[in-house]
>>> print(open('model-v6.txt').read())   # compact mmCIF, C-alpha atoms and all ligand atoms
# COMPACT_ATOMS: atom_id res chain seq x y z
CA MET A 1 135.57 125.81 20.39
CA ARG A 2 136.42 123.55 17.51
CA VAL A 3 134.51 120.65 16.04
CA PHE A 4 136.51 117.70 14.70
CA THR A 5 134.97 115.14 12.40
CA ASP A 6 135.76 112.90 9.46
CA SER A 7 133.25 112.38 6.69
CA ARG A 8 134.23 108.72 6.52
CA CYS A 9 132.27 108.32 9.78
CA LEU A 10 129.17 108.69 7.60
CA GLY A 11 130.08 105.63 5.55
CA HIS A 12 128.89 102.98 8.00
CA GLN A 13 125.35 102.16 6.97
CA ALA A 14 123.59 99.73 9.26
CA PRO A 15 120.57 97.80 7.96
CA PRO A 16 117.17 99.54 8.07
CA GLY A 17 115.72 99.72 11.54
CA TYR A 18 118.97 100.42 13.37
CA PRO A 19 118.79 103.75 15.17
CA GLU A 20 122.55 104.37 14.96
CA ARG A 21 122.55 105.69 11.41
CA PRO A 22 124.57 108.18 9.33
CA GLN A 23 121.78 110.75 9.39
CA ARG A 24 122.51 111.36 13.09
CA LEU A 25 125.94 112.74 12.37
CA ALA A 26 125.05 114.36 9.05
CA GLY A 27 122.31 116.38 10.73
CA ILE A 28 124.61 117.49 13.54
CA LEU A 29 127.35 118.60 11.15
CA ALA A 30 124.96 120.52 8.90
CA HIS A 31 123.50 122.30 11.91
CA LEU A 32 126.86 123.20 13.46
CA ARG A 33 128.23 124.45 10.15
CA ALA A 34 125.13 126.58 9.61
CA ALA A 35 125.64 127.99 13.10
CA GLY A 36 129.12 129.11 12.10
CA LEU A 37 131.19 126.72 14.21
CA PRO A 38 134.58 125.79 12.80
CA VAL A 39 134.26 122.19 11.64
CA ILE A 40 137.53 120.44 10.82
CA ASP A 41 136.94 117.48 8.52
CA LEU A 42 139.88 115.06 8.48
CA ASP A 43 138.67 113.23 5.38
CA PRO A 44 141.15 114.15 2.62
CA ALA A 45 138.48 113.54 0.00
CA GLN A 46 136.33 116.24 1.58
CA ALA A 47 139.24 118.65 1.67
CA ALA A 48 139.87 118.04 -2.03
CA ALA A 49 136.21 118.31 -2.90
CA ALA A 50 135.88 121.56 -0.98
CA GLY A 51 138.80 123.19 -2.77
CA PRO A 52 137.06 124.95 -5.69
CA ASP A 53 134.37 126.37 -3.42
CA GLU A 54 136.59 127.65 -0.68
CA PRO A 55 139.24 130.18 -1.61
CA ALA A 56 140.98 129.68 1.72
CA SER A 57 141.76 126.10 0.87
CA ALA A 58 142.65 126.65 -2.78
CA GLY A 59 146.29 126.67 -3.82
CA GLY A 60 147.40 124.53 -0.93
CA SER A 61 147.15 127.17 1.79
CA ALA A 62 144.40 125.71 3.90
CA GLY A 63 146.31 125.64 7.13
CA GLY A 64 145.63 129.06 8.55
CA SER A 65 141.96 129.40 9.22
CA PRO A 66 140.15 127.59 11.99
CA ALA A 67 137.91 126.03 9.38
CA GLY A 68 140.85 124.82 7.32
CA ARG A 69 140.92 121.15 6.61
CA ALA A 70 143.49 119.25 8.60
CA PRO A 71 145.40 116.33 7.16
CA SER A 72 144.31 112.88 8.17
CA ALA A 73 147.06 111.96 10.61
CA PRO A 74 146.28 113.03 14.18
CA SER A 75 149.90 114.02 14.67
CA ALA A 76 149.51 116.68 11.99
CA ALA A 77 146.47 118.36 13.52
CA PRO A 78 146.59 122.09 14.34
CA VAL A 79 148.04 121.23 17.73
CA ALA A 80 151.44 120.60 16.19
CA SER A 81 152.32 124.28 16.02
CA ALA A 82 150.48 125.37 19.15
CA PRO A 83 152.33 126.48 22.26
CA THR A 84 152.34 124.50 25.46
CA ALA A 85 149.73 125.42 28.00
CA PRO A 86 151.08 128.54 29.65
CA SER A 87 148.65 128.49 32.54
CA ALA A 88 148.53 124.79 33.25
CA PRO A 89 149.98 124.44 36.75
CA SER A 90 150.20 120.71 37.16
CA VAL A 91 150.92 119.21 33.78
CA ALA A 92 153.64 119.80 31.29
CA PHE A 93 151.90 118.97 28.08
CA ALA A 94 154.22 118.11 25.27
CA ALA A 95 154.57 120.93 22.77
CA SER A 96 155.39 118.53 20.03
CA VAL A 97 152.85 115.81 19.96
CA ALA A 98 154.40 112.41 19.71
CA SER A 99 152.95 110.62 16.75
CA VAL A 100 151.02 107.49 17.45
CA ALA A 101 152.29 106.36 14.07
CA SER A 102 155.78 106.04 15.44
CA ALA A 103 154.88 103.39 17.99
CA PRO A 104 156.04 99.92 17.10
CA SER A 105 153.44 97.51 15.86
CA ALA A 106 153.29 93.89 16.81
CA ALA A 107 151.65 92.93 13.55
CA PRO A 108 153.60 90.58 11.27
CA PRO A 109 154.77 91.81 7.83
CA GLY A 110 151.91 92.00 5.35
CA ASP A 111 149.32 91.99 8.08
CA PRO A 112 146.29 94.11 7.20
CA LEU A 113 146.67 95.81 10.56
CA ASP A 114 150.10 97.13 9.72
CA PRO A 115 149.70 99.41 6.74
CA PRO A 116 151.80 102.56 6.87
CA ASP A 117 148.67 104.68 6.86
CA PHE A 118 147.15 103.37 10.11
CA PRO A 119 148.47 105.97 12.53
CA GLU A 120 145.70 105.49 15.08
CA LEU A 121 146.43 101.76 15.54
CA ALA A 122 148.78 102.20 18.50
CA ALA A 123 146.26 104.39 20.33
CA ILE A 124 143.58 101.76 19.75
CA THR A 125 145.70 98.83 20.91
CA ALA A 126 146.70 100.77 24.02
CA LEU A 127 143.28 99.68 25.32
CA HIS A 128 141.84 97.12 22.91
CA SER A 129 143.57 93.82 22.28
CA ALA A 130 145.35 93.45 18.95
CA ALA A 131 143.51 90.16 18.50
CA TYR A 132 140.19 91.99 18.76
CA VAL A 133 141.28 94.67 16.30
CA ARG A 134 142.32 91.93 13.86
CA ARG A 135 139.07 90.03 14.42
CA PHE A 136 137.06 93.18 13.65
CA GLU A 137 139.08 93.86 10.48
CA ARG A 138 138.66 90.31 9.23
CA ALA A 139 134.93 90.24 9.94
CA ALA A 140 134.49 93.55 8.14
CA SER A 141 136.58 92.55 5.12
CA ARG A 142 134.81 89.17 4.88
CA GLY A 143 131.47 90.93 4.80
CA ASP A 144 130.16 89.36 7.99
CA ALA A 145 126.72 90.60 9.03
CA ILE A 146 127.56 91.35 12.66
CA LEU A 147 130.43 91.48 15.13
CA ASP A 148 129.84 89.88 18.54
CA SER A 149 126.18 90.83 18.84
CA ALA A 150 123.16 91.79 16.77
CA ASP A 151 123.59 95.34 18.06
CA ASN A 152 126.79 95.61 16.06
CA PRO A 153 125.92 95.15 12.39
CA LEU A 154 128.79 95.51 9.93
CA SER A 155 128.74 97.26 6.57
CA PRO A 156 131.24 97.98 3.80
CA GLY A 157 131.94 101.32 5.44
CA VAL A 158 132.27 100.21 9.04
CA TRP A 159 136.03 99.69 9.16
CA PRO A 160 136.97 103.11 7.71
CA ALA A 161 134.23 104.72 9.82
CA ALA A 162 135.51 103.21 13.07
CA ARG A 163 139.07 104.20 12.21
CA ALA A 164 137.97 107.71 11.29
CA ALA A 165 136.06 108.06 14.56
CA VAL A 166 139.23 107.30 16.51
CA ALA A 167 141.39 109.53 14.29
CA ALA A 168 139.07 112.52 14.62
CA THR A 169 138.83 111.99 18.38
CA LEU A 170 142.62 111.87 18.63
CA ALA A 171 143.00 115.03 16.55
CA ALA A 172 140.56 116.79 18.87
CA THR A 173 142.46 115.42 21.87
CA ASP A 174 145.78 116.69 20.56
CA TRP A 175 144.34 120.15 19.99
CA VAL A 176 142.75 120.38 23.43
CA ALA A 177 145.94 119.16 25.11
CA ALA A 178 148.12 121.73 23.39
CA GLY A 179 146.86 124.75 25.28
CA SER A 180 144.55 125.99 27.98
CA ASP A 181 140.95 127.11 27.65
CA ARG A 182 140.39 124.79 24.72
CA ILE A 183 137.00 123.23 24.19
CA ALA A 184 136.41 120.73 21.40
CA PHE A 185 133.69 118.42 20.18
CA ALA A 186 134.50 115.16 18.38
CA ALA A 187 131.52 114.64 16.11
CA VAL A 188 132.02 110.98 15.35
CA ARG A 189 130.32 107.64 14.89
CA PRO A 190 130.21 104.73 15.52
CA PRO A 191 129.96 105.65 19.21
CA GLY A 192 132.27 104.05 21.74
CA HIS A 193 131.35 103.83 25.40
CA HIS A 194 129.89 100.30 25.33
CA ALA A 195 132.97 98.83 23.59
CA GLU A 196 134.95 96.55 25.88
CA ALA A 197 138.63 95.69 25.55
CA ALA A 198 137.89 92.75 23.26
CA THR A 199 134.16 92.91 22.54
CA ALA A 200 131.90 95.06 20.39
CA MET A 201 128.65 96.07 22.09
CA GLY A 202 125.74 98.45 21.75
CA PHE A 203 126.62 99.98 18.33
CA CYS A 204 130.20 100.53 19.62
CA PHE A 205 133.37 98.96 18.21
CA TRP A 206 136.22 100.98 19.69
CA ASN A 207 135.94 103.11 22.78
CA ASN A 208 136.69 106.56 21.37
CA VAL A 209 136.55 108.50 24.65
CA ALA A 210 138.60 105.91 26.52
CA ILE A 211 141.21 105.96 23.76
CA ALA A 212 141.34 109.75 24.14
CA ALA A 213 141.88 109.41 27.90
CA GLU A 214 144.70 106.92 27.49
CA HIS A 215 146.24 109.06 24.73
CA LEU A 216 146.28 112.02 27.12
CA ARG A 217 148.02 109.90 29.73
CA ARG A 218 150.61 108.32 27.46
CA ARG A 219 151.30 111.02 24.90
CA HIS A 220 150.54 114.30 26.61
CA GLY A 221 151.73 113.75 30.15
CA ALA A 222 148.35 114.27 31.75
CA ALA A 223 148.49 112.85 35.27
CA ARG A 224 144.74 112.69 35.79
CA VAL A 225 141.92 112.51 33.27
CA ALA A 226 138.23 112.52 34.12
CA ILE A 227 135.40 111.24 31.95
CA PHE A 228 131.83 112.29 32.65
CA ASP A 229 129.37 110.15 30.71
CA PHE A 230 125.89 111.64 30.53
CA ASP A 231 124.56 109.31 27.84
CA VAL A 232 121.30 107.75 29.03
CA HIS A 233 123.01 104.35 28.96
CA HIS A 234 125.79 103.35 31.33
CA GLY A 235 129.23 103.25 29.69
CA ASN A 236 130.12 99.72 30.69
CA GLY A 237 133.14 99.61 28.40
CA THR A 238 134.69 102.81 29.69
CA GLN A 239 134.12 101.81 33.30
CA HIS A 240 135.66 98.39 32.84
CA LEU A 241 138.72 99.72 30.99
CA PHE A 242 139.62 102.06 33.85
CA GLU A 243 137.93 100.72 37.00
CA ALA A 244 141.13 99.35 38.54
CA ARG A 245 143.09 102.56 37.88
CA PRO A 246 143.33 105.68 40.04
CA ASP A 247 144.46 107.98 37.20
CA VAL A 248 141.29 108.01 35.07
CA PHE A 249 138.10 108.96 36.87
CA TYR A 250 134.84 107.72 35.38
CA ALA A 251 131.53 109.30 36.40
CA SER A 252 128.19 108.37 34.87
CA THR A 253 124.59 109.44 35.17
CA HIS A 254 122.28 106.97 33.47
CA GLN A 255 118.87 105.39 33.45
CA TYR A 256 118.83 102.36 35.73
CA PRO A 257 117.86 99.59 35.54
CA PHE A 258 118.38 99.76 31.80
CA TYR A 259 120.69 98.60 29.02
CA PRO A 260 123.48 97.48 29.43
CA GLY A 261 122.68 96.46 33.02
CA THR A 262 125.85 97.79 34.64
CA GLY A 263 126.25 101.04 36.58
CA ALA A 264 124.80 100.26 39.99
CA ALA A 265 125.60 102.79 42.69
CA ASP A 266 127.92 100.37 44.48
CA GLU A 267 130.19 99.97 41.43
CA ALA A 268 132.90 102.34 42.62
CA GLY A 269 136.07 100.90 41.15
CA SER A 270 138.42 98.20 42.36
CA GLY A 271 141.88 97.87 43.82
CA ALA A 272 143.94 101.00 43.26
CA GLY A 273 140.99 102.42 41.35
CA LEU A 274 138.54 102.17 44.23
CA GLY A 275 136.79 105.51 44.47
CA ALA A 276 137.72 106.59 40.94
CA THR A 277 134.41 105.36 39.54
CA LEU A 278 131.17 107.16 40.38
CA ASN A 279 127.84 105.78 39.24
CA VAL A 280 124.68 107.80 39.74
CA PRO A 281 121.86 105.56 38.53
CA LEU A 282 118.59 107.39 37.95
CA PRO A 283 115.03 106.11 37.58
CA ALA A 284 113.18 106.29 34.26
CA GLY A 285 111.43 109.60 33.82
CA THR A 286 114.16 111.70 35.43
CA GLY A 287 114.10 115.24 34.06
CA ASP A 288 116.08 118.44 34.42
CA ASP A 289 115.51 118.75 38.18
CA GLY A 290 116.57 115.22 38.97
CA TYR A 291 119.63 115.53 36.74
CA ALA A 292 120.50 118.90 38.29
CA GLU A 293 120.54 117.25 41.69
CA ALA A 294 122.58 114.28 40.48
CA ILE A 295 125.12 116.37 38.59
CA GLY A 296 125.23 119.29 41.00
CA GLU A 297 125.42 117.31 44.23
CA ARG A 298 127.22 114.15 43.15
CA VAL A 299 129.11 114.45 39.87
CA LEU A 300 130.53 117.97 40.01
CA PRO A 301 131.84 117.72 43.59
CA ALA A 302 133.51 114.39 42.77
CA LEU A 303 135.11 115.81 39.63
CA ARG A 304 136.25 118.86 41.58
CA ARG A 305 137.90 116.65 44.21
CA PHE A 306 139.60 114.55 41.54
CA ALA A 307 140.87 117.72 39.80
CA PRO A 308 141.54 116.33 36.33
CA ASP A 309 144.07 117.87 33.97
CA VAL A 310 141.59 117.42 31.12
CA LEU A 311 137.84 116.83 31.29
CA LEU A 312 136.38 114.41 28.75
CA LEU A 313 132.67 114.03 28.15
CA SER A 314 130.90 110.99 26.79
CA ALA A 315 128.28 113.21 25.26
CA GLY A 316 125.17 111.19 24.53
CA PHE A 317 121.89 112.98 23.95
CA ASP A 318 119.51 110.09 24.49
CA ALA A 319 118.36 111.34 27.92
CA TRP A 320 116.36 113.81 25.78
CA ARG A 321 112.68 113.62 26.65
CA ALA A 322 111.66 112.44 23.17
CA ASP A 323 114.53 110.06 22.46
CA PRO A 324 113.20 106.81 20.98
CA LEU A 325 115.67 104.67 22.94
CA GLY A 326 115.87 106.47 26.27
CA GLY A 327 113.18 106.90 28.90
CA MET A 328 114.23 110.17 30.49
CA ALA A 329 112.76 113.68 30.34
CA VAL A 330 115.69 116.07 29.85
CA THR A 331 114.98 119.27 27.89
CA GLU A 332 117.14 121.27 25.51
CA ALA A 333 117.73 123.80 28.30
CA GLY A 334 119.00 120.97 30.47
CA PHE A 335 121.77 120.09 28.03
CA THR A 336 122.75 123.77 27.84
CA GLN A 337 122.90 124.01 31.63
CA TRP A 338 125.10 120.93 31.91
CA GLY A 339 127.46 122.56 29.43
CA ARG A 340 127.69 125.70 31.56
CA TRP A 341 128.41 123.75 34.72
CA LEU A 342 131.03 121.59 33.03
CA ARG A 343 132.74 124.61 31.48
CA GLN A 344 132.93 126.18 34.92
CA LEU A 345 134.30 123.03 36.47
CA ALA A 346 136.94 122.67 33.74
CA ALA A 347 137.94 126.30 34.24
CA GLU A 348 138.43 125.61 37.95
CA THR A 349 140.31 122.34 37.73
CA ALA A 350 141.38 121.44 34.20
CA GLY A 351 142.86 124.59 32.69
CA GLY A 352 139.64 125.05 30.78
CA ARG A 353 140.33 121.93 28.69
CA VAL A 354 137.20 120.01 27.70
CA LEU A 355 136.69 117.45 24.95
CA ALA A 356 133.15 116.21 24.34
CA VAL A 357 132.92 113.03 22.28
CA LEU A 358 129.60 112.11 20.67
CA GLU A 359 127.98 108.92 21.95
CA GLY A 360 124.23 108.28 21.59
CA GLY A 361 121.20 110.38 20.74
CA TYR A 362 118.63 108.98 18.33
CA ASP A 363 115.90 111.54 17.78
CA LEU A 364 117.00 112.64 14.32
CA GLU A 365 114.81 115.73 14.34
CA SER A 366 116.06 117.14 17.65
CA LEU A 367 119.59 115.78 17.95
CA PRO A 368 121.31 118.61 16.00
CA ARG A 369 119.92 121.36 18.18
CA LEU A 370 120.50 119.38 21.39
CA VAL A 371 124.17 119.10 20.47
CA ALA A 372 124.29 122.80 19.58
CA ALA A 373 122.59 123.70 22.85
CA HIS A 374 125.12 121.72 24.86
CA LEU A 375 128.06 123.19 22.96
CA GLN A 376 126.66 126.65 23.50
CA GLY A 377 126.69 126.02 27.25
CA LEU A 378 130.22 124.60 27.07
CA ALA A 379 131.33 127.67 25.13
CA GLY A 380 129.97 129.95 27.81
CA GLY A 381 126.68 130.90 26.17
ZN ZN B 401 123.06 105.76 24.79
>>> encode(input="model-v6.txt", output="C-alpha cells")
Amino acid sequence: MRVFTDSRCLGHQAPPGYPERPQRLAGILAHLRAAGLPVIDLDPAQAAAAGPDEPASAGGSAGGSPAGRAPSAPSAAPVASAPTAPSAPSVAFAASVASVASAPSAAPPGDPLDPPDFPELAAITALHSAAYVRRFERAASRGDAILDSADNPLSPGVWPAARAAVAATLAATDWVAAGSDRIAFAAVRPPGHHAEAATAMGFCFWNNVAIAAEHLRRRHGAARVAIFDFDVHHGNGTQHLFEARPDVFYASTHQYPFYPGTGAADEAGSGAGLGATLNVPLPAGTGDDGYAEAIGERVLPALRRFAPDVLLLSAGFDAWRADPLGGMAVTEAGFTQWGRWLRQLAAETAGGRVLAVLEGGYDLESLPRLVAAHLQGLAGG
C-alpha cells in the first residue's frame, strides 16, 4: 500500500462556505502519516523542505525507501525500476513506462499549454478537449471567479492544484501497473468524477480517475479497466467519458434522486459499451445493510464478470452517515468492509491491482479516519 499525493493540491482555496476545501486533504494526509503509511509527496518543494529533517532524503539519496520523495514527473515514479507483473496472466504491462511527456502536443509555440514541464498534459487531453484545457488555464490566469458553474470557483492555486492532482494520480497508476498485488491511494484534490470532457462541474475540473483508466489502456497495455465509484454522488463525467466503450467498465452506487441527476438504473451504456455501465441508485438513508446488498449482489458480481486487469475506485466518503452533503447512513465499519470485498475481488480478477482515487467526503472531523478505515480494509486488515 502506497499513498501518492502532491502538496500543491492543497493550494486551491475556494471562497468561504465551499465544502471542498484544503483541510479535507490536509487532515487525511496527517492522519495517514501518523498511522505510518508511506506517503509519497510529488511536490519538489516539499521534498526540499523535508531534507534537513529526514536523513533518508539528505544528500540526494531519497530514492530507496518507500517514503522517499518521488520527482514530479509521473514517468519517474518508483514504477520505473519495478519489474513487470510476474503473475499477471492476461496483460503484458510495460516494464518501462512510456512517458506522457513524450507525446506530441498540438499547442502552438509559446502557448501556455505547451511548457516543457507539463508532462501530464497528454494524459489529460486523451479525454478532455484541448480547447477546454486552454479555457481553464486562461480563466485561472485571468483570475476569473468561476469556471462553467458556481460549483467550480477558481483561486490562484487552482491550476497547479488540478495539474498536481492528475500528476499524483498518474504516478500512483504507474506504480500499481508495474507489478501485481499493488494497492495505492491517490490522495488528491480537486476531485474529478463530475468533470465532463469539456465542462467543469461539481468541484471537479479534470476527471482524475478517468484519466488513470485511459492511461492504463494507452500506456500500460491494460485490455480492461473497471471503475467502481462509491461516492454518494453519481459520477456523471466518468460515465459519459466511457459509456460507449466496452473496455472501461463503470459501476456506481449513489444516492438517487440526487445531484447531479444522472445515474438511473436504466443507464447501462450505449453502442459497443452497452452493458459496461452499471448504475445502482439507492434511496436516501441507505446504510451498511443496503449498501452490502447493492455491492454484494450487484456490483461485485458485475466486476467479477468483467474481470478487469486493474480495479480503480472513485473513493468518495460522503455516503458517511454524518456527511454534510450526503444523505446516507454508512458507518466507518462499512467503508472498511467495502475495502475488504474490493481487495478480494481484485485478488481474484485483477492481479491484486487496486488504485483508489479520492473524490468527495466533507465531514472534516471524520473524513481522515474514514479514509484510513477503507484503506485498512483494502490492505487486508
Ligand atoms: Zn460526492
>>> closest_residue(input="model-v6.txt", among="A:Ile124, A:Leu25, A:Val133, A:Ala171", to="Gly361 of chain A", atoms="all atoms listed in the file")
A:Leu25
>>> residues_around(input="model-v6.txt", residues="Val176 of chain A", least_positions_apart="5", cutoff="8 Å", atoms="only C-alpha atoms", output="ChimeraX atom specification")
/A:79,182-184,353-355
>>> residues_near_ligand(input="model-v6.txt", ligand="ligand ZN 401 (chain B)", cutoff="7 Å", atoms="all atoms listed in the file", output="PyMOL selection string")
chain A and resi 231-233+316+318+359-361
>>> residues_around(input="model-v6.txt", residues="segment 249-260 of chain A", least_positions_apart="5", cutoff="7 Å", atoms="all atoms listed in the file", output="list in words")
Val225, Ala226, Ile227, Phe228, Asp229, Phe230, Asp231, Val232, His233, His234, Gln239, Ala276, Thr277, Leu278, Asn279, Val280, Pro281, Leu282, Pro283, Ala284 and Val299 of chain A
>>> closest_residue(input="model-v6.txt", among="A:Ala244, A:Thr5, A:Ala47, A:Arg298", to="Ala172 of chain A", atoms="all atoms listed in the file")
A:Thr5
>>> residues_near_point(input="model-v6.txt", point="(134.0, 126.5, 19.0)", cutoff="8 Å", atoms="all atoms listed in the file", output="ChimeraX atom specification")
/A:1-3,37-38,183-184,375,379
>>> atom_distance(input="model-v6.txt", atom1="atom CA of Phe205 of chain A", atom2="atom CA of Ala162 of chain A")
7.0 Å
>>> atom_distance(input="model-v6.txt", atom1="atom CA of Ile211 of chain A", atom2="atom CA of Leu113 of chain A")
17.5 Å
>>> atom_distance(input="model-v6.txt", atom1="atom CA of Gly261 of chain A", atom2="atom CA of Ser149 of chain A")
15.7 Å
>>> residues_around(input="model-v6.txt", residues="Trp206 of chain A", least_positions_apart="3", cutoff="10 Å", atoms="all atoms listed in the file", output="list in words")
Ile124, Thr125, Leu127, His128, Tyr132, Val133, Phe136, Ala162, Arg163, Ala165, Val166, Pro190, Pro191, Gly192, His193, His194, Ala195, Glu196, Ala197, Ala198, Thr199, Ala200, Met201, Phe203, Val209, Ala210, Ile211 and Gly237 of chain A
>>> residues_around(input="model-v6.txt", residues="Phe317 of chain A", least_positions_apart="3", cutoff="10 Å", atoms="only C-alpha atoms", output="ChimeraX atom specification")
/A:230-232,314,320-321,323,326,330,332,335,358-363,366-368,370-371,374
>>> decode(input="model-v6.txt", residues="segment 190-259 of chain A", atoms="C-alpha atoms", output="PDB file, in the first residue's frame")
ATOM      1  CA  PRO A 190      -9.769  18.896  -6.668  1.00  0.00           C
ATOM      2  CA  PRO A 191     -11.850  15.741  -7.148  1.00  0.00           C
ATOM      3  CA  GLY A 192     -12.722  14.540 -10.624  1.00  0.00           C
ATOM      4  CA  HIS A 193     -15.729  12.333 -11.256  1.00  0.00           C
ATOM      5  CA  HIS A 194     -18.187  15.093 -12.201  1.00  0.00           C
ATOM      6  CA  ALA A 195     -15.816  16.624 -14.782  1.00  0.00           C
ATOM      7  CA  GLU A 196     -17.053  16.121 -18.328  1.00  0.00           C
ATOM      8  CA  ALA A 197     -14.918  16.124 -21.473  1.00  0.00           C
ATOM      9  CA  ALA A 198     -15.248  19.885 -21.876  1.00  0.00           C
ATOM     10  CA  THR A 199     -17.067  21.111 -18.770  1.00  0.00           C
ATOM     11  CA  ALA A 200     -16.154  21.667 -15.132  1.00  0.00           C
ATOM     12  CA  MET A 201     -18.814  20.511 -12.680  1.00  0.00           C
ATOM     13  CA  GLY A 202     -19.360  19.775  -9.011  1.00  0.00           C
ATOM     14  CA  PHE A 203     -15.945  20.947  -7.665  1.00  0.00           C
ATOM     15  CA  CYS A 204     -14.266  18.873 -10.430  1.00  0.00           C
ATOM     16  CA  PHE A 205     -12.094  20.219 -13.260  1.00  0.00           C
ATOM     17  CA  TRP A 206     -10.327  17.182 -14.686  1.00  0.00           C
ATOM     18  CA  ASN A 207     -11.506  13.634 -14.243  1.00  0.00           C
ATOM     19  CA  ASN A 208      -8.590  12.116 -12.342  1.00  0.00           C
ATOM     20  CA  VAL A 209      -9.879   8.534 -12.181  1.00  0.00           C
ATOM     21  CA  ALA A 210     -10.945   8.527 -15.825  1.00  0.00           C
ATOM     22  CA  ILE A 211      -7.536   9.848 -16.838  1.00  0.00           C
ATOM     23  CA  ALA A 212      -5.988   6.978 -14.861  1.00  0.00           C
ATOM     24  CA  ALA A 213      -8.186   4.452 -16.679  1.00  0.00           C
ATOM     25  CA  GLU A 214      -7.275   5.799 -20.097  1.00  0.00           C
ATOM     26  CA  HIS A 215      -3.591   5.944 -19.103  1.00  0.00           C
ATOM     27  CA  LEU A 216      -3.756   2.254 -18.190  1.00  0.00           C
ATOM     28  CA  ARG A 217      -5.274   1.475 -21.571  1.00  0.00           C
ATOM     29  CA  ARG A 218      -2.913   3.564 -23.677  1.00  0.00           C
ATOM     30  CA  ARG A 219       0.363   3.370 -21.792  1.00  0.00           C
ATOM     31  CA  HIS A 220       0.278   0.119 -19.875  1.00  0.00           C
ATOM     32  CA  GLY A 221      -1.476  -2.251 -22.240  1.00  0.00           C
ATOM     33  CA  ALA A 222      -4.372  -2.975 -19.934  1.00  0.00           C
ATOM     34  CA  ALA A 223      -7.164  -4.507 -22.009  1.00  0.00           C
ATOM     35  CA  ARG A 224      -9.924  -3.934 -19.476  1.00  0.00           C
ATOM     36  CA  VAL A 225     -10.178  -1.420 -16.663  1.00  0.00           C
ATOM     37  CA  ALA A 226     -13.026  -1.202 -14.175  1.00  0.00           C
ATOM     38  CA  ILE A 227     -14.006   1.810 -12.104  1.00  0.00           C
ATOM     39  CA  PHE A 228     -16.220   1.404  -9.057  1.00  0.00           C
ATOM     40  CA  ASP A 229     -17.493   4.761  -7.841  1.00  0.00           C
ATOM     41  CA  PHE A 230     -18.894   4.653  -4.313  1.00  0.00           C
ATOM     42  CA  ASP A 231     -19.073   8.415  -3.811  1.00  0.00           C
ATOM     43  CA  VAL A 232     -22.581   9.358  -2.673  1.00  0.00           C
ATOM     44  CA  HIS A 233     -22.992  11.330  -5.902  1.00  0.00           C
ATOM     45  CA  HIS A 234     -23.195   9.730  -9.324  1.00  0.00           C
ATOM     46  CA  GLY A 235     -20.043  10.180 -11.412  1.00  0.00           C
ATOM     47  CA  ASN A 236     -21.709  11.680 -14.456  1.00  0.00           C
ATOM     48  CA  GLY A 237     -18.408  12.685 -16.030  1.00  0.00           C
ATOM     49  CA  THR A 238     -16.810   9.268 -15.744  1.00  0.00           C
ATOM     50  CA  GLN A 239     -19.909   7.540 -17.072  1.00  0.00           C
ATOM     51  CA  HIS A 240     -20.188   9.845 -20.062  1.00  0.00           C
ATOM     52  CA  LEU A 241     -16.494   9.558 -20.960  1.00  0.00           C
ATOM     53  CA  PHE A 242     -16.693   5.762 -21.206  1.00  0.00           C
ATOM     54  CA  GLU A 243     -20.356   4.841 -21.750  1.00  0.00           C
ATOM     55  CA  ALA A 244     -19.937   3.985 -25.439  1.00  0.00           C
ATOM     56  CA  ARG A 245     -16.843   1.833 -24.818  1.00  0.00           C
ATOM     57  CA  PRO A 246     -16.659  -1.845 -23.881  1.00  0.00           C
ATOM     58  CA  ASP A 247     -13.114  -1.671 -22.462  1.00  0.00           C
ATOM     59  CA  VAL A 248     -13.735   0.508 -19.395  1.00  0.00           C
ATOM     60  CA  PHE A 249     -16.455  -0.689 -17.047  1.00  0.00           C
ATOM     61  CA  TYR A 250     -18.120   1.917 -14.849  1.00  0.00           C
ATOM     62  CA  ALA A 251     -20.136   0.874 -11.795  1.00  0.00           C
ATOM     63  CA  SER A 252     -21.676   3.319  -9.352  1.00  0.00           C
ATOM     64  CA  THR A 253     -23.647   3.185  -6.139  1.00  0.00           C
ATOM     65  CA  HIS A 254     -25.132   6.564  -5.301  1.00  0.00           C
ATOM     66  CA  GLN A 255     -27.975   8.398  -3.665  1.00  0.00           C
ATOM     67  CA  TYR A 256     -30.813   8.868  -6.143  1.00  0.00           C
ATOM     68  CA  PRO A 257     -32.546  11.091  -6.965  1.00  0.00           C
ATOM     69  CA  PHE A 258     -29.770  13.489  -6.039  1.00  0.00           C
ATOM     70  CA  TYR A 259     -27.076  15.706  -7.525  1.00  0.00           C
TER      71      TYR A 259
END
